[in-house]
Amino acid sequence: MSLIENLNWRHAVKAYDPTKKVSQEDLNTILESARLAPTSSGLQPFRIIVVENQELKEKMVAGALNPEVMRDSSHVLVFAAWDSYSNEKIDKVYDYHTDVRDLPRGRFGSYTDKIKEIYGAQTPEEHFAHTARQTYIALGIALAQAAELKIDSTPAEGFSNEVVDEVLGLKELGLKSVSLLYLGYRDEANDWLSTMKKVRIPMDEFIIKK
């Protein structure tokens, strides 16, 4: 199937079958697609926490708008962004880039000096606003990859960031949760959205040509 056909197939599932689990192979494919997502300056300023453990899911449901979806999904992917930029974080990423490419460390020094100066003039709040936006690119690609594999998904912002951050110990990792992606297989009998037509704004209204 084409990407457009896959995107027409998928919807935000409202009920999952807790007896059906995503295979490790398919999960790895979805995670790899997100890892390959483009990010500003190639810094990849976020991480994905994979939650399969049912006890952790039960602890995370407090404050979730769709607790049963969280409980019954096969996996919960937590997209968590850096809480701030630092010179050390930037250097670590670019040292890795040069090492992988067999280049001398500092090869991109003029560029990293420039972005350090830019971020150095910003607040931690501005940093997080920027790093959080990077996660949505990976989230979109992961959604598309899941659809290609015919794995159901539900992107979510309706949850308590404070609860998720505490349960997963994200503060100690210098991370803050941004969004979730539930993965699994729909419960046909209870997923009320599965029988409805997919609705999007018409193309001639959605696209504005100048």
# chains A, B, ... in the order shown; residues from 1 in each chain; ligands from 1
call {"tool": "select_by_dssp", "arguments": {"residues": "segment 63-158 of chain A", "states": "helix (DSSP H, G or I)", "output": "VMD selection string"}}
result
chain A and resid 67 to 72 87 to 100 109 to 120 124 to 148
call {"tool": "residues_around", "arguments": {"residues": "Ser84 of chain A", "least_positions_apart": "2", "cutoff": "10 Å", "atoms": "only C-alpha atoms", "output": "list of chain:residue names"}}
result
A:Pro45, A:Ala81, A:Trp82, A:Ser86, A:Lys89, A:Tyr119, A:Gln122, A:Thr123, A:Pro124, A:Glu125, A:Glu126, A:His127, A:Phe128, A:Ala129, A:His130, A:Thr131, A:Gly174, A:Leu175, A:Lys176
call {"tool": "select_by_dssp", "arguments": {"residues": "segment 1-205 of chain A", "states": "strand (DSSP E)", "output": "list in words"}}
result
Phe46, Arg47, Ile48, Ile49, Val50, Val51, His75, Val76, Leu77, Val78, Phe79, Ala80, Ala81, Trp82, Asp152, Ser153, Thr154, Pro155, Ala156, Leu175, Lys176, Ser177, Val178, Ser179, Leu180, Leu181, Tyr182, Leu183 and Gly184 of chain A
call {"tool": "closest_atom_pairs", "arguments": {"of": "segment 53-129 of chain A", "to": "segment 142-163 of chain A", "cutoff": "6 Å", "atoms": "only C-alpha atoms", "output": "CSV"}}
result
residue,atom,partner,partner_atom,distance
A:Gly63,CA,A:Ser160,CA,4.9
A:Ala64,CA,A:Phe159,CA,4.0
A:Leu65,CA,A:Gly158,CA,5.2
call {"tool": "write_last_selection", "arguments": {"atoms": "N, CA, C and O atoms", "output": "PDB file, in the first residue's frame"}}
result
ATOM      1  N   GLY A  63      -4.606  11.074  35.660  1.00  0.00           N
ATOM      2  CA  GLY A  63      -4.581  12.302  34.875  1.00  0.00           C
ATOM      3  C   GLY A  63      -4.719  12.084  33.383  1.00  0.00           C
ATOM      4  O   GLY A  63      -4.820  13.051  32.628  1.00  0.00           O
ATOM      5  N   ALA A  64      -4.739  10.824  32.933  1.00  0.00           N
ATOM      6  CA  ALA A  64      -4.889  10.544  31.502  1.00  0.00           C
ATOM      7  C   ALA A  64      -6.347  10.704  31.090  1.00  0.00           C
ATOM      8  O   ALA A  64      -7.250  10.265  31.803  1.00  0.00           O
ATOM      9  N   LEU A  65      -6.561  11.316  29.930  1.00  0.00           N
ATOM     10  CA  LEU A  65      -7.935  11.508  29.462  1.00  0.00           C
ATOM     11  C   LEU A  65      -8.551  10.198  28.984  1.00  0.00           C
ATOM     12  O   LEU A  65      -9.771  10.025  29.019  1.00  0.00           O
TER      13      LEU A  65
END
call {"tool": "atom_distance", "arguments": {"atom1": "atom CA of Leu181 of chain A", "atom2": "atom CA of Val78 of chain A"}}
result
6.6 Å
call {"tool": "residues_around", "arguments": {"residues": "Gln134 of chain A", "least_positions_apart": "5", "cutoff": "12 Å", "atoms": "only C-alpha atoms", "output": "MDAnalysis selection string"}}
result
chainID A and resid 34:35 37:47 79:82 127:129 139:141 178:179
call {"tool": "residues_around", "arguments": {"residues": "Pro67 of chain A", "least_positions_apart": "5", "cutoff": "12 Å", "atoms": "only C-alpha atoms", "output": "list in words"}}
result
Lys14, Ala15, Tyr16, Lys57, Glu58, Lys59, Met60, Val61, Ala62, Asp72, Ser73, Val76, Ala156, Gly158, Phe159, Ser160 and Tyr182 of chain A
call {"tool": "atom_distance", "arguments": {"atom1": "atom CA of His75 of chain A", "atom2": "atom CA of Asp17 of chain A"}}
result
11.8 Å
call {"tool": "closest_residue", "arguments": {"among": "A:Lys116, A:Ser177, A:Gly109, A:Val100", "to": "Glu88 of chain A", "atoms": "only C-alpha atoms"}}
result
A:Lys116
call {"tool": "atom_distance", "arguments": {"atom1": "atom CA of Arg186 of chain A", "atom2": "atom CA of Ser74 of chain A"}}
result
10.3 Å
call {"tool": "decode", "arguments": {"residues": "segment 42-66 of chain A", "atoms": "C-alpha atoms", "output": "PDB file, in the first residue's frame"}}
result
ATOM      1  CA  GLY A  42      20.949  17.203  14.087  1.00  0.00           C
ATOM      2  CA  LEU A  43      20.994  17.352  17.889  1.00  0.00           C
ATOM      3  CA  GLN A  44      18.174  14.835  18.491  1.00  0.00           C
ATOM      4  CA  PRO A  45      17.273  16.673  21.722  1.00  0.00           C
ATOM      5  CA  PHE A  46      14.785  14.098  22.946  1.00  0.00           C
ATOM      6  CA  ARG A  47      14.472  10.448  23.860  1.00  0.00           C
ATOM      7  CA  ILE A  48      11.721   7.856  23.529  1.00  0.00           C
ATOM      8  CA  ILE A  49      10.852   5.817  26.603  1.00  0.00           C
ATOM      9  CA  VAL A  50       9.181   2.501  25.784  1.00  0.00           C
ATOM     10  CA  VAL A  51       6.701   1.391  28.432  1.00  0.00           C
ATOM     11  CA  GLU A  52       5.361  -2.160  28.236  1.00  0.00           C
ATOM     12  CA  ASN A  53       5.289  -2.952  31.951  1.00  0.00           C
ATOM     13  CA  GLN A  54       1.656  -3.028  33.083  1.00  0.00           C
ATOM     14  CA  GLU A  55       2.423  -1.782  36.600  1.00  0.00           C
ATOM     15  CA  LEU A  56       4.081   1.328  35.189  1.00  0.00           C
ATOM     16  CA  LYS A  57       1.138   1.911  32.876  1.00  0.00           C
ATOM     17  CA  GLU A  58      -1.239   1.688  35.849  1.00  0.00           C
ATOM     18  CA  LYS A  59       0.794   4.338  37.652  1.00  0.00           C
ATOM     19  CA  MET A  60       0.790   6.601  34.599  1.00  0.00           C
ATOM     20  CA  VAL A  61      -2.984   6.587  34.047  1.00  0.00           C
ATOM     21  CA  ALA A  62      -3.617   9.172  36.767  1.00  0.00           C
ATOM     22  CA  GLY A  63      -4.581  12.302  34.875  1.00  0.00           C
ATOM     23  CA  ALA A  64      -4.889  10.544  31.502  1.00  0.00           C
ATOM     24  CA  LEU A  65      -7.935  11.508  29.462  1.00  0.00           C
ATOM     25  CA  ASN A  66      -8.201   7.969  28.055  1.00  0.00           C
TER      26      ASN A  66
END
